[in-house]
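Working notes, structure below.
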Amino acid sequence: MKRKMVSALLCATMVAGMVVVPAATAQAADKKVIGVTMPTKDLQRWNQDGTNMEAQLKEAGYEVDLQYASNDIPTQVSQIENMINSGCQMLVIASIDGDSLGTVLEQAKEKDIPVIAYDRLIMNSDAVTYYATFDNYMVGTKQGEYIRDQLDLDNAAGPFNIELVTGDPGDNNARFFFGGAMDVLQPYIDAGKLVVKSGQTDFETVATANWSTETAQSRMDAIISANYADGTKLDAVLCSNDSTALGVTNSLEANYTGEWPIITGQDCDKPNVKNMISGKQSMSIFKDTRTLASKVVEMVDAVMKGGEAPVNDTTTYDNGTGVIPSL
């Protein structure tokens with residue numbers, strides 16, 4: 001009886017000498033799974049990025065494996081490895097540290113899994129297929145121009161005191177933000193119209209690990225104590241994003257008694273929008289992550305259908321192995 005059942009089962013999977021794949025297996029093979037990994041849930045913007053990306057990919061007909069890495073590099077490496085081994089057919093990666101993923105992405109390359117670096121360029125890996133980002137240099141340029149215009153640096157006598165706070169040294173974008181702003185501000189520093197009283201001007205010194213609010217606040221505490229506790233006026237603080245701006249604002253509220261300085265930012269996080277309304281932060285750059293997500297979905301869709309992703313920059317972003325085609 002058992003032999004008859006087995007024979008019947010085998011016959012049910014054979015038609016004219018061809019193996020018929022069971023329905024469940026066929027469905028699994030038809031799945032189009034996109035792995036998406038974001039750095040952390042601690043910053044509002046990455047929650048928005050992940051949510052927008054997941055929703056739009058699902059709407060386009062893909063299954064999504066969305067993971068957040070809690071700003072822990074080994075966690076992100078493990079997540080990517082699991083995505084590769086579980087059958088994800090494409091990866092969208094917002095890296096914690098642009099230099100930390102070369103080894104695990106070799107596995108993706110070996111399996112011909114395309115990789116889109118999302119808003120943070122993954123460095124020193126030839127497994128990166130595309131890069132999708134905002135114009136990060138222009139973000140910094142706009143912050144620098146805002147300070148220039150608000151202080152009227154081309155006409156006012158000055159000098160004006162400024163301090164500099166940028167982002168994570170492992171995030172390649174931080175260098176673009178800082179570079180864009182400093183290309184505007186550096187001539188005024190060189191001319192003595194802007195003065196950095198702390199003397200802290202090089203990228204490595206003004207960088208903020210993990211874009212941490214607490215780290216930015218602690219550094220600003222020390223700067224105020226050493227340079228502005230005697231009532232010296234602080235005219236502006238260049239902050240590359242809102243989490244660092246929040247730390248600077250917290251420090252000023254606790255330690256600074258002078259006239260409130262200009263404070264820049266980026267991302268329009270909710271606490272910072274409230275600070276702008278109350279006059280504690282001067283500006284922020286709003287980058288609509290829904291737009292970036294929709295563009296990445298277009299890239300994913302093009303590649304998954306056997307084509308090439310749309311790009312509009314093939315000269316700017318060299319990750320150490322060559323220029324990465326970028327949108």
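Each chain in the structure tokens gets a letter, A, B and so on, in the order shown; residues start at 1 in every chain, and ligands are counted from 1 in the order they appear.
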Next item on the list: Extract, using only C-alpha atoms, all DNA, RNA and protein residues at most 10 Å from stretch 183-195 of chain A, discarding same-chain residues fewer than 2 positions from it, and format them as a PyMOL selection string.
Entry: chain A and resi 137+140-148+151+153-154+156-163+178-181+197-199+201+234-236+238
Notebook entry, point to check: Quick one: DSSP strand (DSSP E or B) residues in stretch 25-271 of chain A, as a ChimeraX atom specification?
Noted result: /A:33-38,63-68,90-93,115-118,130-132,160-165,194-195,236-239,262-263,266
Notebook entry, point to check: A:Val297, A:Ala229, A:Val36, A:Leu121: which is nearest A:Phe176, counting only C-alpha atoms?
Noted result: A:Leu121
Checklist line | Top pick for closest residue to A:Asn210, considering A:Leu43, A:Val248, A:Met299, A:Ile263 and counting only C-alpha atoms | finding: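 The shortest atom-to-atom distance to A:Asn210 comes from A:Leu43.
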Checklist line | Shortest interatomic distance to A:Tyr256 - which of A:Ile285, A:Ala222, A:Cys268, A:Ile73, counting only C-alpha atoms | finding: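 Of the candidates, the smallest distance to A:Tyr256 is held by A:Ala222.
Each of A:Ser218, A:Gln79, A:Gln150, A:Thr133 was checked against A:Thr316 using only C-alpha atoms; the smallest atom-to-atom distance is that of A:Thr133.
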Item checked: DSSP-assigned alpha helix (DSSP H) among stretch 188-306 of chain A, expressed as a PyMOL selection string -> chain A and resi 188-190+203-206+213-227+242-255+270-277+289-304
Next item on the list: Write out as number ranges by chain each polymer residue whose atoms come within 6 Å of stretch 241-246 of chain A, counting only C-alpha atoms; drop sequence neighbours fewer than 2 positions from it.
Entry: A: 213, 216, 239, 248-249, 265-266
Checklist line | Neighbour list for A:Thr291 as number ranges by chain, cut-off 12 Å, only C-alpha atoms, skip fewer than 3 positions in-chain | finding: A: 48-49, 52-53, 56, 132-134, 286-288, 294-298, 327
Next item on the list: Record the distance separating atom CA of A:Gly35 and atom CA of A:Asn172, expressed in Å with one decimal.
Entry: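 Computed distance, atom CA of A:Gly35 to atom CA of A:Asn172, equals 21.9 Å.
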Next item on the list: Have a look at A:Ile96, A:Ala254, A:Val128, A:Met90 and name the one nearest to A:Asp65; count only C-alpha atoms.
Entry: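 Selected residue with least distance to A:Asp65: A:Met90.
The coordinates place atom CA of A:Val206 at 22.0 Å from atom CA of A:Ile122.
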Residues within 12 Å of A:Gly231, only C-alpha atoms, excluding chain neighbours under 4 positions, as a PDB file with C-alpha atoms, in the first residue's frame:
ATOM      1  CA  ILE A 224      31.920  76.843  25.731  1.00  0.00           C
ATOM      2  CA  SER A 225      33.802  76.301  28.986  1.00  0.00           C
ATOM      3  CA  ALA A 226      37.154  77.057  27.373  1.00  0.00           C
ATOM      4  CA  ASN A 227      36.174  79.882  25.036  1.00  0.00           C
ATOM      5  CA  ASN A 255      26.102  76.683  29.614  1.00  0.00           C
ATOM      6  CA  TYR A 256      25.859  79.768  27.417  1.00  0.00           C
ATOM      7  CA  THR A 257      24.542  83.134  28.594  1.00  0.00           C
ATOM      8  CA  GLY A 258      25.207  85.306  25.557  1.00  0.00           C
ATOM      9  CA  GLU A 259      23.108  86.224  22.545  1.00  0.00           C
ATOM     10  CA  TRP A 260      21.861  83.114  20.780  1.00  0.00           C
TER      11      TRP A 260
END
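For the atom pair formed by atom CA of A:Gly167 and atom CA of A:Thr215, the distance is 10.4 Å, given to one decimal.
The residue set within 9 Å of A:Arg45, counting only C-alpha atoms and dropping same-chain residues fewer than 5 places from it, reads Gly50, Asp267, Cys268, Asp269 and Thr289 of chain A.
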Margin query: Using only C-alpha atoms, can you tell me which of A:Glu214, A:Thr208, A:Gly102, A:Asn272 comes closest to A:Thr321?
Written below: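 Closest to A:Thr321, using only C-alpha atoms: A:Gly102.
Using only C-alpha atoms, the contacts of A:Glu106 at a cut-off of 12 Å, with sequence neighbours closer than 5 positions omitted, comprise Val77, Ile80, Glu81, Ile84, Ser100, Leu101, Lys111, Asp112, Ile113, Pro114, Val115, Asn124, Ser125, Asp126, Ala127 and Val128 of chain A.
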Got time to write the residues from that selection, all heavy atoms, as a CSV table (one decimal), in the first residue's frame?
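Produced file selection.csv, reproduced below:
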chain,number,residue,atom,x,y,z
A,77,VAL,N,26.8,43.5,9.4
A,77,VAL,CA,27.5,42.5,8.6
A,77,VAL,C,26.7,41.2,8.6
A,77,VAL,O,26.5,40.6,7.6
A,77,VAL,CB,28.9,42.3,9.0
A,77,VAL,CG1,29.6,41.1,8.4
A,77,VAL,CG2,29.8,43.6,8.8
A,80,ILE,N,23.5,41.4,6.6
A,80,ILE,CA,23.7,41.3,5.1
A,80,ILE,C,24.0,39.9,4.7
A,80,ILE,O,23.5,39.3,3.7
A,80,ILE,CB,24.8,42.3,4.7
A,80,ILE,CG1,24.4,43.7,4.9
A,80,ILE,CG2,25.2,42.0,3.3
A,80,ILE,CD1,25.5,44.7,4.8
A,81,GLU,N,24.8,39.2,5.6
A,81,GLU,CA,25.2,37.8,5.3
A,81,GLU,C,23.9,36.9,5.3
A,81,GLU,O,23.8,36.1,4.4
A,81,GLU,CB,26.2,37.3,6.3
A,81,GLU,CG,26.9,36.0,6.0
A,81,GLU,CD,28.0,35.7,6.9
A,81,GLU,OE1,28.0,36.1,8.1
A,81,GLU,OE2,29.0,35.2,6.4
A,84,ILE,N,22.0,37.5,2.1
A,84,ILE,CA,22.6,36.8,1.0
A,84,ILE,C,22.3,35.3,1.0
A,84,ILE,O,21.9,34.8,0.0
A,84,ILE,CB,24.1,37.0,1.0
A,84,ILE,CG1,24.5,38.5,0.7
A,84,ILE,CG2,24.8,36.1,0.0
A,84,ILE,CD1,25.9,38.9,1.0
A,100,SER,N,33.5,49.2,6.1
A,100,SER,CA,33.4,47.9,6.9
A,100,SER,C,32.7,46.8,6.2
A,100,SER,O,32.6,45.7,6.9
A,100,SER,CB,32.6,48.3,8.2
A,100,SER,OG,31.3,48.6,7.9
A,101,LEU,N,32.3,46.9,5.0
A,101,LEU,CA,31.4,45.9,4.4
A,101,LEU,C,32.1,45.1,3.2
A,101,LEU,O,31.4,44.3,2.6
A,101,LEU,CB,30.1,46.5,3.9
A,101,LEU,CG,29.3,47.2,5.0
A,101,LEU,CD1,28.0,47.8,4.4
A,101,LEU,CD2,28.9,46.2,6.1
A,111,LYS,N,27.7,35.7,-5.8
A,111,LYS,CA,26.4,35.2,-6.1
A,111,LYS,C,25.6,36.1,-7.1
A,111,LYS,O,24.4,35.9,-7.3
A,111,LYS,CB,25.5,35.0,-4.8
A,111,LYS,CG,26.0,33.9,-3.9
A,111,LYS,CD,25.0,33.6,-2.8
A,111,LYS,CE,25.5,32.4,-2.0
A,111,LYS,NZ,24.5,32.0,-0.9
A,112,ASP,N,26.4,37.1,-7.7
A,112,ASP,CA,25.8,38.0,-8.7
A,112,ASP,C,24.6,38.7,-8.1
A,112,ASP,O,23.6,39.0,-8.8
A,112,ASP,CB,25.4,37.2,-9.9
A,112,ASP,CG,26.7,36.7,-10.7
A,112,ASP,OD1,27.7,37.4,-10.7
A,112,ASP,OD2,26.6,35.6,-11.2
A,113,ILE,N,24.7,39.1,-6.9
A,113,ILE,CA,23.6,39.9,-6.2
A,113,ILE,C,24.0,41.4,-6.4
A,113,ILE,O,24.9,41.9,-5.8
A,113,ILE,CB,23.4,39.6,-4.8
A,113,ILE,CG1,23.0,38.1,-4.6
A,113,ILE,CG2,22.3,40.4,-4.1
A,113,ILE,CD1,23.0,37.6,-3.2
A,114,PRO,N,23.2,42.2,-7.1
A,114,PRO,CA,23.5,43.6,-7.3
A,114,PRO,C,23.3,44.3,-5.9
A,114,PRO,O,22.5,44.0,-5.1
A,114,PRO,CB,22.4,44.1,-8.3
A,114,PRO,CG,21.9,42.9,-8.9
A,114,PRO,CD,22.0,41.8,-7.9
A,115,VAL,N,24.1,45.4,-5.7
A,115,VAL,CA,24.1,46.1,-4.5
A,115,VAL,C,23.9,47.6,-4.8
A,115,VAL,O,24.7,48.2,-5.6
A,115,VAL,CB,25.4,45.9,-3.7
A,115,VAL,CG1,25.5,46.8,-2.5
A,115,VAL,CG2,25.6,44.5,-3.3
A,124,ASN,N,35.6,51.2,-1.0
A,124,ASN,CA,36.7,50.1,-1.2
A,124,ASN,C,36.0,48.7,-1.4
A,124,ASN,O,36.6,47.7,-0.9
A,124,ASN,CB,37.6,50.1,0.0
A,124,ASN,CG,38.3,51.4,0.2
A,124,ASN,OD1,38.9,52.0,-0.8
A,124,ASN,ND2,38.3,52.0,1.4
A,125,SER,N,35.0,48.7,-2.1
A,125,SER,CA,34.4,47.4,-2.5
A,125,SER,C,33.9,47.5,-4.0
A,125,SER,O,33.1,48.4,-4.3
A,125,SER,CB,33.2,47.1,-1.6
A,125,SER,OG,32.5,45.9,-2.1
A,126,ASP,N,34.4,46.6,-4.8
A,126,ASP,CA,33.9,46.5,-6.2
A,126,ASP,C,32.6,45.8,-6.4
A,126,ASP,O,32.2,45.5,-7.5
A,126,ASP,CB,35.0,46.0,-7.1
A,126,ASP,CG,35.4,44.5,-6.8
A,126,ASP,OD1,34.8,44.0,-5.8
A,126,ASP,OD2,36.3,44.0,-7.5
A,127,ALA,N,32.0,45.4,-5.2
A,127,ALA,CA,30.7,44.7,-5.3
A,127,ALA,C,29.6,45.7,-5.3
A,127,ALA,O,28.4,45.3,-5.5
A,127,ALA,CB,30.5,43.8,-4.0
A,128,VAL,N,29.9,47.0,-5.2
A,128,VAL,CA,28.8,48.1,-5.2
A,128,VAL,C,28.5,48.3,-6.7
A,128,VAL,O,29.3,48.7,-7.5
A,128,VAL,CB,29.3,49.3,-4.5
A,128,VAL,CG1,28.2,50.4,-4.6
A,128,VAL,CG2,29.7,49.1,-3.1
